[in-house]
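Enquirer: Take a look at the following structure, please.
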Amino acid sequence: VSDYAKRIRSAQRMASENGIDAYVITPGANLEYLTGYHALPLERLTCLVLPAKSAPTLVVPRLERPAAEASPAHRLQIADWTETENPFSLVRSLLPRADVVAVDDHMWASRVMALQHAMPHIEQGLAGALLTELRIRKTDAEVHELRQAAEAIDRVHARMGEWLRAGRTEREVGKDIAEAILAEGHTSVDFVIVASGPNGASAHHELSDRVIEVGDPVVVDIGGSTATGYCSDETRTYAVGEPAAEFRTAYDVLQRAQAAATAAVRPGTTAASIDAAAREVITEAGYGELFVHRTGHGIGLETHEEPYIVDGNDRLLEPGMAFSIEPGIYVEGRHGARIEDIVVCTEHGVESLNQRPRDLMVLPA
Ligand code: ZN
Ligand code: ZN
């Protein structure tokens with residue numbers, strides 16, 4: 001039995017247990033997880049119609065049938081529709097007895113409404129909460145995929161000295177990084193953040209035309225997706241020439257916080273306690289107000305998914321859960337720093353998938 005067949009059966013069991021008669025899953029991570037079909041979100045409807053108690057059908061526009069058949073989804077029953085047909089009538093015909101239908105959380109609103117119009121008697125809910133319970137624990141094969149992605153982004157960080165220099169703009173450096181993300185084993189570039197000097201104080205800065213100066217700390221947070229759909233996400237903070245002493249002091253605190261949070265990961269501990277482990281170190285050093293975001297997020301077929309490593313999340317960690325540990329310290333108008341690894345909770349503790357050194361890397365200016 002393939003992993004996909006197992007996942008479909010698990011999803012069906014979850015539906016039955018929760019009073020849901022069927023799922024309708026549109027292109028995105030859930031479809032990829034259940035079928036292996038990486039479909040583009042086009043204007044023509046593609047969806048997996050998955051009843052709780054009978055076989056699934058992949059509904060595709062006829063033009064997309066060859067693509068669906070070339071994917072692992074070829075094992076499923078595939079029903080196609082032509083340009084003049086209403087695909088929602090086809091969906092309705094596949095769900096003759098459904099009363100409660102869980103739709104994909106990322107299904108376009110226009111489609112949710114078209115489905116409701118085609119099947120006015122059904123009650124719609126969201127599939128995400130159920131499918132998250134399956135996706136949140138990675139199998140060994142999935143951890144292997146995440147490790148491959150992590151090694152690929154490690155190789156990009158290892159080359160940072162080739163690109164990151166005083167006199168270049170963030171955008172120039174970012175363009176080189178994006179090329180390397182593809183060259184080192186990803187099939188898409190998901191994001192490139194090069195936040196130099198004062199731009200580092202904004203946790204969501206991307207790229208600008210600011211020219212990097214001697215002594216600048218530079219936050220480099222980058223990620224991509226591999227051919228199997230699994231994502232990488234890794235931050236290192238560099239200094240281009242020797243940075244200010246106050247920056248080094250803050251960086252040392254940050255490094256201790258990131259290590260403390262990583263060391264705290266083990267099965268049975270809460271997600272919130274991992275956040276607390278990082279926050280305690282930073283707060284004790286007097287920088288608590290400057291750590292303005294959660295400590296991490298889950299990762300898999302999406303860069304951000306459950307479990308979120310955040311205060312208030314009492315979910316217990318279990319083997320196979322993969323997430324980032326990425327505390328940061330941000331000083332408005334001056335500089336910022338963040339260190340981020342993807343880690344996996346194991347039977348007895350933690351494995352860091354990213355392996356680059358975490359000491360401040362001072363590059364020649
Ligand atoms: Zn990141
Ligand atoms: Zn991240």
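A note on labels: chains of the structure tokens are A, B, ... as shown, every chain counts residues from 1, and ligands are counted from 1 in their shown order.
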Extract, using only C-alpha atoms, all DNA, RNA and protein residues at most 10 Å from A:Leu115, discarding same-chain residues fewer than 2 positions from it, and format them as JSON, numbers by chain.
Expert: {"A": [24, 87, 88, 89, 91, 92, 101, 103, 109, 110, 111, 112, 113, 117, 118, 119, 120, 122, 124]}
Enquirer: Where does chain A meet ligand 2 within 7 Å, residue by residue, with the nearest atom pair and distance in Å to one decimal for each, counting only C-alpha atoms and all ligand atoms, listed by chain and rising number, as CSV?
Expert:
residue,atom,partner,partner_atom_place_in_ligand_line,distance
A:Asp233,CA,ligand 2,1 (Zn),5.5
A:Glu234,CA,ligand 2,1 (Zn),6.7
A:Gly296,CA,ligand 2,1 (Zn),6.3
A:His297,CA,ligand 2,1 (Zn),6.3
A:Ser324,CA,ligand 2,1 (Zn),5.6
A:Glu326,CA,ligand 2,1 (Zn),6.6
A:Glu340,CA,ligand 2,1 (Zn),6.7
Enquirer: Would you please give, as a ChimeraX atom specification, all residues of stretch 183-339 of chain A that DSSP assigns to strand (DSSP E) based on the backbone?
Expert: /A:188-196,217-225,234-240,296-298,305-309,322-325,328-331,335-338
Enquirer: Counting only C-alpha atoms and all ligand atoms, what are the residues, protein, DNA or RNA alike, that approach ligand 1 to within 12 Å? I want them as a ChimeraX atom specification.
Expert: /A:150,153,190-194,203-206,219-224,231-237,295-299,303-304,323-328,338-342,354
Enquirer: State, in Å with one decimal place, the distance from atom CA of A:Gln148 to atom CA of A:Gly200.
Expert: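 It comes out at 28.3 Å.
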Enquirer: If we count only C-alpha atoms and set the cut-off at 9 Å, which residues sit around A:Gly36, ignoring sequence neighbours fewer than 5 positions away in its own chain? Please answer as a list in words.
Expert: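 Final neighbour list, sorted by chain and number: Tyr4, Leu31, Ser71, Pro72, Ala73 and Thr228 of chain A.
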Enquirer: Please dump the current selection as an mmCIF file, in the first residue's frame; keep C-alpha atoms.
Expert:
data_model
loop_
_atom_site.group_PDB
_atom_site.id
_atom_site.type_symbol
_atom_site.label_atom_id
_atom_site.label_comp_id
_atom_site.auth_asym_id
_atom_site.auth_seq_id
_atom_site.Cartn_x
_atom_site.Cartn_y
_atom_site.Cartn_z
ATOM 1 C CA TYR A 4 -0.886 8.043 -0.400
ATOM 2 C CA LEU A 31 -3.988 17.722 -2.285
ATOM 3 C CA SER A 71 1.612 12.058 -11.144
ATOM 4 C CA PRO A 72 1.211 9.493 -8.333
ATOM 5 C CA ALA A 73 -2.510 10.331 -8.545
ATOM 6 C CA THR A 228 9.002 16.420 -3.708
#
Enquirer: From the list A:Pro357, A:Pro364, A:Pro307, A:Gly333, which residue is nearest A:Ile274 when using only C-alpha atoms?
Expert: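 Among the listed residues, A:Pro307 lies closest to A:Ile274.
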Enquirer: I'd like to know which of A:Ala271, A:Met107, A:Leu131, A:Leu63 is closest to A:Arg9, using only C-alpha atoms.
Expert: A:Leu131
Enquirer: Excluding A:Ala278 and its own-chain neighbours fewer than 6 positions away, which residues fall within 7 Å of it when counting only C-alpha atoms? Please give them as a list in words.
Expert: Ala257, Gln258, Ala260, Ala261 and Pro327 of chain A
Enquirer: Report the residues of stretch 148-304 of chain A whose backbone DSSP state falls under alpha helix (DSSP H), written as an MDAnalysis selection string.
Expert: chainID A and resid 148:158 170:183 245:263 271:284
